[in-house]
file target.txt (compact mmCIF, C-alpha atoms)
# COMPACT_ATOMS: atom_id res chain seq x y z
CA MET L 89 -10.60 30.41 2.11
CA ASP L 90 -7.07 29.89 0.83
CA LYS L 91 -6.37 26.15 0.39
CA ARG L 92 -3.26 26.17 2.55
CA ARG L 93 -4.99 28.05 5.36
CA GLU L 94 -7.90 25.63 5.18
CA PHE L 95 -5.50 22.71 5.51
CA GLU L 96 -3.70 24.40 8.38
CA SER L 97 -6.95 24.64 10.30
CA ILE L 98 -7.47 20.91 9.68
CA VAL L 99 -3.97 20.18 11.01
CA ARG L 100 -4.68 22.31 14.08
CA GLU L 101 -7.96 20.56 14.75
CA TYR L 102 -6.94 16.94 14.22
CA SER L 103 -3.19 16.64 14.83
CA GLU L 104 -3.36 15.80 18.52
CA GLN L 105 -6.13 13.24 18.12
CA LEU L 106 -4.26 11.64 15.22
CA TYR L 107 -1.00 11.65 17.13
CA TRP L 108 -2.51 9.52 19.90
CA GLN L 109 -4.07 7.11 17.42
CA ILE L 110 -0.70 6.68 15.77
CA ARG L 111 1.26 6.55 19.04
CA ARG L 112 -0.86 3.69 20.38
CA ILE L 113 0.05 1.66 17.32
CA VAL L 114 3.74 2.53 16.84
CA LEU L 115 4.44 3.07 20.58
CA THR L 116 7.44 5.42 20.45
CA HIS L 117 7.23 9.20 20.23
CA ASP L 118 9.80 9.51 17.41
CA ASP L 119 7.99 7.00 15.23
CA ALA L 120 4.63 8.60 16.01
CA ASN L 121 5.95 12.03 15.05
CA ASP L 122 7.39 10.68 11.76
CA VAL L 123 4.15 8.89 10.89
CA LEU L 124 2.09 11.97 11.76
CA GLN L 125 4.21 14.16 9.46
CA ASN L 126 3.84 11.60 6.65
CA THR L 127 0.11 11.39 7.27
CA PHE L 128 -0.34 15.12 6.79
CA LEU L 129 1.99 15.13 3.79
CA LYS L 130 -0.13 12.44 2.12
CA ALA L 131 -3.31 14.21 3.10
CA TRP L 132 -1.99 17.49 1.66
CA ASN L 133 -1.02 15.80 -1.60
CA GLY L 134 -4.48 14.24 -1.83
CA PHE L 135 -6.32 17.32 -0.60
CA ASP L 136 -7.55 18.30 -4.07
CA ASN L 137 -9.11 14.86 -4.47
CA PHE L 138 -10.88 14.90 -1.13
CA HIS L 139 -14.43 15.99 -1.80
CA GLY L 140 -15.98 15.15 1.55
CA GLU L 141 -17.03 11.59 0.69
CA SER L 142 -16.25 10.79 4.33
CA LYS L 143 -15.65 12.91 7.41
CA VAL L 144 -12.28 14.69 7.48
CA SER L 145 -11.43 12.85 10.70
CA THR L 146 -12.19 9.48 9.08
CA TRP L 147 -10.13 10.32 6.00
CA LEU L 148 -7.15 11.39 8.11
CA SER L 149 -7.43 8.46 10.52
CA ARG L 150 -7.48 6.04 7.61
CA ILE L 151 -4.24 7.49 6.25
CA ALA L 152 -2.71 7.57 9.74
CA ILE L 153 -3.56 3.95 10.51
CA ASN L 154 -2.24 2.74 7.14
CA GLU L 155 0.96 4.71 7.62
CA SER L 156 1.36 3.34 11.15
CA LEU L 157 0.89 -0.26 10.06
CA ASP L 158 3.31 0.29 7.15
CA LEU L 159 5.93 1.51 9.60
CA LEU L 160 5.42 -1.54 11.81
CA ARG L 161 5.87 -3.84 8.83
CA ARG L 162 9.06 -2.05 7.79
CA ASN L 163 10.38 -2.20 11.37
CA LYS L 164 9.52 -5.87 11.57
CA HIS L 165 11.59 -6.56 8.45
CA LEU L 166 14.40 -4.44 9.84
CA ALA L 167 14.29 -6.20 13.22
CA SER L 168 14.32 -9.65 11.63
CA ALA L 169 17.18 -8.59 9.35
CA THR L 170 19.27 -7.41 12.30
CA SER L 171 18.14 -10.21 14.64
CA GLU L 172 16.88 -7.55 17.05
CA ASP L 173 14.79 -9.19 19.72
CA LEU L 174 14.13 -6.70 22.49
CA SER L 175 10.77 -7.25 24.11
CA VAL L 176 8.23 -4.48 23.65
CA ALA L 177 7.67 -4.22 27.40
CA SER L 178 11.34 -3.78 28.27
CA SER L 179 11.79 -1.22 25.46
CA LEU L 180 8.83 0.76 26.78
CA MET L 181 10.06 0.65 30.37
CA ALA L 182 13.34 2.16 29.15
CA ASP L 183 11.54 4.86 27.12
CA ASP L 184 11.60 8.38 28.61
CA TYR L 185 8.21 9.09 27.13
CA PHE L 186 6.47 6.11 28.68
CA ASP L 187 5.50 6.51 32.31
CA GLY L 188 3.33 3.42 32.66
CA ASN L 189 3.94 0.59 35.10
CA GLU L 190 5.07 -2.89 34.17
CA THR L 191 1.52 -4.19 33.71
CA GLU L 192 0.72 -1.37 31.30
CA ALA L 193 3.91 -2.14 29.39
CA MET L 194 2.90 -5.80 29.28
CA LEU L 195 -0.50 -4.86 27.86
CA GLN L 196 1.27 -2.99 25.06
CA GLN L 197 3.43 -6.06 24.45
CA ALA L 198 0.37 -8.30 24.29
CA VAL L 199 -1.31 -5.91 21.85
CA ALA L 200 1.86 -5.67 19.74
CA GLN L 201 1.73 -9.43 19.22
CA LEU L 202 -1.72 -9.29 17.63
CA PRO L 203 -2.25 -9.29 13.85
CA ASP L 204 -2.77 -5.84 12.31
CA VAL L 205 -6.57 -5.75 12.25
CA GLN L 206 -7.04 -7.13 15.78
CA ARG L 207 -4.39 -4.75 17.06
CA THR L 208 -5.99 -1.72 15.44
CA VAL L 209 -9.51 -2.65 16.47
CA PHE L 210 -8.40 -3.23 20.05
CA GLN L 211 -6.66 0.13 20.28
CA LEU L 212 -9.61 2.01 18.78
CA ARG L 213 -12.26 0.22 20.81
CA TYR L 214 -10.56 -0.31 24.16
CA PHE L 215 -8.63 2.95 24.57
CA GLU L 216 -10.61 5.34 22.38
CA GLU L 217 -13.97 3.64 23.00
CA MET L 218 -14.85 4.23 19.35
CA LYS L 219 -18.18 2.88 18.08
CA TYR L 220 -18.05 -0.18 15.85
CA SER L 221 -19.91 1.77 13.14
CA ASP L 222 -17.12 4.37 13.11
CA ILE L 223 -14.38 1.73 13.11
CA SER L 224 -16.22 0.00 10.29
CA GLU L 225 -16.12 3.16 8.19
CA LEU L 226 -12.49 3.74 9.08
CA LEU L 227 -11.23 0.26 8.25
CA ASP L 228 -13.79 -0.54 5.56
CA THR L 229 -14.71 -3.77 7.32
CA SER L 230 -18.10 -5.03 8.45
CA GLU L 231 -19.15 -4.45 12.04
CA GLY L 232 -19.60 -8.18 12.52
CA ALA L 233 -16.03 -8.89 11.46
CA LEU L 234 -14.78 -6.11 13.73
CA LYS L 235 -16.69 -7.45 16.73
CA ALA L 236 -15.18 -10.88 16.07
CA SER L 237 -11.69 -9.36 15.78
CA TYR L 238 -12.13 -7.44 19.03
CA HIS L 239 -13.42 -10.51 20.83
CA ILE L 240 -10.44 -12.58 19.66
CA ALA L 241 -8.02 -9.78 20.59
CA VAL L 242 -9.46 -9.52 24.11
CA LYS L 243 -9.29 -13.29 24.49
CA LYS L 244 -5.64 -13.43 23.40
CA ILE L 245 -4.65 -10.58 25.72
CA THR L 246 -6.43 -12.23 28.63
CA GLU L 247 -4.63 -15.51 27.91
CA PHE L 248 -1.34 -13.59 27.67
CA PHE L 249 -1.79 -12.22 31.19
CA LYS L 250 -3.17 -15.44 32.67
CA SER L 251 -0.22 -17.42 31.34
CA ARG L 252 2.08 -15.03 33.26
CA ASP L 253 0.14 -14.96 36.56
CA MET X 56 -17.70 -9.12 28.40
CA ASN X 57 -15.89 -10.83 31.29
CA GLU X 58 -12.52 -10.94 29.61
CA GLU X 59 -12.68 -7.23 28.81
CA MET X 60 -13.46 -6.55 32.47
CA TYR X 61 -10.48 -8.70 33.44
CA ILE X 62 -8.16 -6.49 31.34
CA GLN X 63 -9.76 -3.31 32.66
CA GLU X 64 -9.36 -4.38 36.27
CA LYS X 65 -5.82 -5.60 35.75
CA VAL X 66 -4.47 -2.74 33.62
CA GLY X 67 -7.07 0.04 33.36
CA LYS X 68 -7.38 2.45 30.47
CA ARG X 69 -4.93 5.16 31.48
CA ASN X 70 -2.78 6.57 28.69
CA PRO X 71 0.78 5.75 29.77
CA PHE X 72 2.43 7.58 26.87
CA ARG X 73 3.96 11.03 27.20
CA VAL X 74 5.27 13.62 24.76
CA PRO X 75 8.15 16.13 25.03
CA ASP X 76 7.18 19.41 26.72
CA GLY X 77 5.43 21.81 24.37
CA TYR X 78 5.22 19.24 21.58
CA PHE X 79 1.57 19.93 20.75
CA ASP X 80 2.06 23.71 20.98
CA ASN X 81 4.41 23.70 17.99
CA LEU X 82 2.92 20.76 16.12
CA THR X 83 0.78 22.64 13.61
CA ALA X 84 3.66 24.94 12.65
CA GLN X 85 6.02 21.96 12.38
CA VAL X 86 3.61 20.04 10.13
CA MET X 87 2.94 23.04 7.91
CA GLN X 88 6.65 23.73 7.58
CA ASN X 89 7.22 20.23 6.21
CA LEU X 90 4.57 20.53 3.50
CA PRO X 91 5.39 21.65 -0.04
CA GLU X 92 3.82 24.96 -1.09
CA GLN X 93 1.41 23.16 -3.44
CA PRO X 94 0.10 19.58 -3.23
CA LYS X 95 2.14 17.25 -5.38
CA ARG X 96 -0.06 15.83 -8.08
CA ARG X 97 0.51 12.16 -8.49
CA ALA X 98 1.28 11.31 -12.13
CA LYS X 99 -0.97 8.56 -13.34
CA SER X 100 0.98 5.51 -14.41
CA VAL X 101 0.80 4.90 -18.14
CA PHE X 102 -0.05 1.27 -17.38
CA MET X 103 -3.28 2.34 -15.70
CA ARG X 104 -4.70 4.03 -18.79
CA PRO X 105 -7.31 2.09 -20.78
CA VAL X 106 -6.10 3.85 -23.92
CA PHE X 107 -2.68 2.36 -23.34
CA TYR X 108 -4.17 -1.13 -23.27
CA ALA X 109 -6.22 -0.49 -26.39
CA ALA X 110 -3.19 0.85 -28.26
CA ALA X 111 -1.03 -2.03 -27.01
CA SER X 112 -3.65 -4.55 -28.21
CA VAL X 113 -3.83 -2.95 -31.66
CA CYS X 114 -0.01 -2.92 -31.92
CA ALA X 115 0.16 -6.57 -30.85
CA LEU X 116 -2.43 -7.48 -33.50
CA LEU X 117 -0.55 -5.54 -36.18
CA VAL X 118 2.75 -7.19 -35.27
CA ALA X 119 1.15 -10.64 -35.20
CA GLY X 120 -0.60 -9.95 -38.52
CA ALA X 121 2.60 -8.68 -40.15
CA ALA X 122 4.57 -11.67 -38.86
CA TRP X 123 1.95 -14.02 -40.29
CA MET X 124 1.83 -12.15 -43.62
CA TRP X 125 5.55 -11.89 -44.26
CA HIS X 126 6.55 -15.38 -43.23
CA PRO X 127 6.28 -18.32 -45.65
CA THR X 128 4.07 -21.25 -44.81
CA THR X 129 5.42 -24.22 -42.88
CA GLU X 130 5.95 -26.19 -46.02
CA ALA X 131 7.88 -23.34 -47.58
CA THR X 132 10.16 -22.91 -44.61
CA SER X 133 11.12 -26.54 -44.81
CA ALA X 134 12.55 -25.97 -48.24
CA ASP X 135 16.04 -24.58 -48.02
CA ALA X 136 16.00 -22.80 -51.34
CA VAL X 137 12.75 -20.99 -50.69
CA GLN X 138 13.89 -20.14 -47.18
CA ALA X 139 17.13 -18.67 -48.50
CA LYS X 140 15.21 -16.46 -50.90
CA THR X 141 12.75 -15.42 -48.18
CA VAL X 142 15.56 -14.36 -45.88
CA ALA X 143 16.97 -12.25 -48.67
CA LEU X 144 13.63 -10.51 -49.23
CA PRO X 145 13.95 -7.61 -46.76
CA GLN X 146 17.08 -6.43 -48.55
CA GLN X 147 14.98 -5.78 -51.63
CA ASP X 148 12.55 -3.57 -49.79
CA ALA X 149 13.95 -0.33 -51.18
CA SER X 150 13.57 -1.47 -54.77
CA GLY X 151 9.81 -1.93 -54.43
CA GLU X 152 9.99 -5.59 -55.45
CA TYR X 153 9.60 -6.79 -51.93
CA ILE X 154 5.82 -6.66 -51.83
CA ASP X 155 5.39 -8.27 -55.24
CA GLU X 156 7.73 -11.11 -54.41
CA ALA X 157 6.19 -11.62 -51.00
CA ALA X 158 2.76 -11.80 -52.62
CA ASP X 159 4.08 -14.36 -55.07
CA TYR X 160 5.44 -16.50 -52.29
CA MET X 161 2.20 -16.33 -50.39
CA MET X 162 0.35 -17.62 -53.43
CA LEU X 163 2.67 -20.61 -53.87
CA ASP X 164 0.98 -23.90 -53.25
CA ASN X 165 2.70 -27.20 -52.48
CA HIS X 166 2.73 -28.26 -56.09
CA GLU X 167 4.50 -25.08 -57.17
CA ILE X 168 7.04 -25.44 -54.36
CA TYR X 169 7.87 -28.98 -55.46
CA ALA X 170 8.20 -27.76 -59.03
CA TYR X 171 10.45 -24.93 -57.94
CA LEU X 172 12.64 -27.33 -55.95
CA ALA X 173 12.85 -29.75 -58.87
CA GLU X 174 14.08 -26.95 -61.11
CA ASN X 175 16.93 -26.15 -58.75
call {"tool": "encode", "arguments": {"input": "target.txt", "output": "structure tokens"}}
result
Amino acid sequence: MDKRREFESIVREYSEQLYWQIRRIVLTHDDANDVLQNTFLKAWNGFDNFHGESKVSTWLSRIAINESLDLLRRNKHLASATSEDLSVASSLMADDYFDGNETEAMLQQAVAQLPDVQRTVFQLRYFEEMKYSDISELLDTSEGALKASYHIAVKKITEFFKSRD
Amino acid sequence: MNEEMYIQEKVGKRNPFRVPDGYFDNLTAQVMQNLPEQPKRRAKSVFMRPVFYAAASVCALLVAGAAWMWHPTTEATSADAVQAKTVALPQQDASGEYIDEAADYMMLDNHEIYAYLAEN
């Protein structure tokens, strides 16, 4: 099969799943779309070097998560440079493409305050219900460390809500 | 896990995010449109090549060796007259005397330097 056609079938198969992975990390549709485009661009440029060492979905998710976290870091620098301090929850409530209630927006705010690994593990485990073995392969981290990260993330989020009750 | 249950009961697991109408219908075409015709091959940085390091090491050794060879000893450099002559040496390179004179200087011992200084 022609290389480009082969890649197109990969895009068709995985783009929606990847979009949601990215969206849960970067939160806004525009950012998620940008990161998704970059993810596929990187994947395309590395396509010749991908020889099936891991599953295609794992390979793509790894790129997508790294790209998402990179974007967050860049935005964080930008926000601190411009003294932007809008809360995540209020931004989401004003977003046309977020139709959650205030509690759901607050959960996203609590998650956004977590360090990168805890944040990613929480999103993958809580919302996608991904197995630890799969997350381990994706993030190249031991299952034990991931379980610890998830446990800490859940604890912090619980404390976040309890402190507001 | 009790705390996980607490979050589930309080917030649930519903996906609260939405996308513009028809976004996923056009996504594949949009992604493919943004890709170059051929994958861009990433040029390997020259600094990553082991050969570069080997060549750089050899060059560094040659430069260090040359510097050591063509400079007079510490004692010689302390003598103004010898130093003045040494500085003038590269100008004689074209005449072919450079190597002979440099060899002479390298074979000077302290006694000969003192003698040379006494003469001048």
call {"tool": "interface_residues", "arguments": {"input": "target.txt", "of": "chain L", "to": "chain X", "cutoff": "9 Å", "atoms": "only C-alpha atoms", "output": "VMD selection string"}}
result
chain L and resid 92 95 to 97 99 to 100 103 to 104 108 111 to 112 115 to 117 124 to 125 128 to 136 184 to 189 191 to 193 195 214 to 215 239 242 to 243 245 to 246 249
call {"tool": "atom_distance", "arguments": {"input": "target.txt", "atom1": "atom CA of L:Tyr238", "atom2": "atom CA of L:Phe210"}}
result
5.7 Å
call {"tool": "atom_distance", "arguments": {"input": "target.txt", "atom1": "atom CA of L:Gln197", "atom2": "atom CA of L:Ala236"}}
result
21.0 Å
call {"tool": "residues_near_point", "arguments": {"input": "target.txt", "point": "(5.6, -4.9, 25.7)", "cutoff": "10 Å", "atoms": "all atoms listed in the file", "output": "MDAnalysis selection string"}}
result
chainID L and resid 115 174:181 190:201
call {"tool": "write_last_selection", "arguments": {"input": "target.txt", "atoms": "C-alpha atoms", "output": "CSV table (one decimal), in the frame of the given file"}}
result
chain,number,residue,atom,x,y,z
L,115,LEU,CA,4.4,3.1,20.6
L,174,LEU,CA,14.1,-6.7,22.5
L,175,SER,CA,10.8,-7.2,24.1
L,176,VAL,CA,8.2,-4.5,23.6
L,177,ALA,CA,7.7,-4.2,27.4
L,178,SER,CA,11.3,-3.8,28.3
L,179,SER,CA,11.8,-1.2,25.5
L,180,LEU,CA,8.8,0.8,26.8
L,181,MET,CA,10.1,0.6,30.4
L,190,GLU,CA,5.1,-2.9,34.2
L,191,THR,CA,1.5,-4.2,33.7
L,192,GLU,CA,0.7,-1.4,31.3
L,193,ALA,CA,3.9,-2.1,29.4
L,194,MET,CA,2.9,-5.8,29.3
L,195,LEU,CA,-0.5,-4.9,27.9
L,196,GLN,CA,1.3,-3.0,25.1
L,197,GLN,CA,3.4,-6.1,24.4
L,198,ALA,CA,0.4,-8.3,24.3
L,199,VAL,CA,-1.3,-5.9,21.8
L,200,ALA,CA,1.9,-5.7,19.7
L,201,GLN,CA,1.7,-9.4,19.2
call {"tool": "atom_distance", "arguments": {"input": "target.txt", "atom1": "atom CA of L:Leu157", "atom2": "atom CA of L:Thr208"}}
result
8.9 Å
call {"tool": "residues_around", "arguments": {"input": "target.txt", "residues": "stretch 159-162 of chain L", "least_positions_apart": "5", "cutoff": "9 Å", "atoms": "all atoms listed in the file", "output": "list in words"}}
result
Ile113, Val114, Asp119, Val123, Asn154 and Ala167 of chain L
call {"tool": "residues_around", "arguments": {"input": "target.txt", "residues": "L:Val209", "least_positions_apart": "6", "cutoff": "8 Å", "atoms": "all atoms listed in the file", "output": "list of chain:residue names"}}
result
L:Ile223, L:Leu234, L:Ser237, L:Tyr238
call {"tool": "residues_near_point", "arguments": {"input": "target.txt", "point": "(-21.4, -1.3, 15.0)", "cutoff": "6 Å", "atoms": "only C-alpha atoms", "output": "ChimeraX atom specification"}}
result
/L:220-221,231
call {"tool": "axis_aligned_box", "arguments": {"input": "target.txt", "around": "stretch 108-116 of chain X", "padding_each_side": "8 Å", "output": "AutoDock Vina command-line options"}}
result
--center_x -3.0 --center_y -3.3 --center_z -28.4 --size_x 22.4 --size_y 24.3 --size_z 26.2
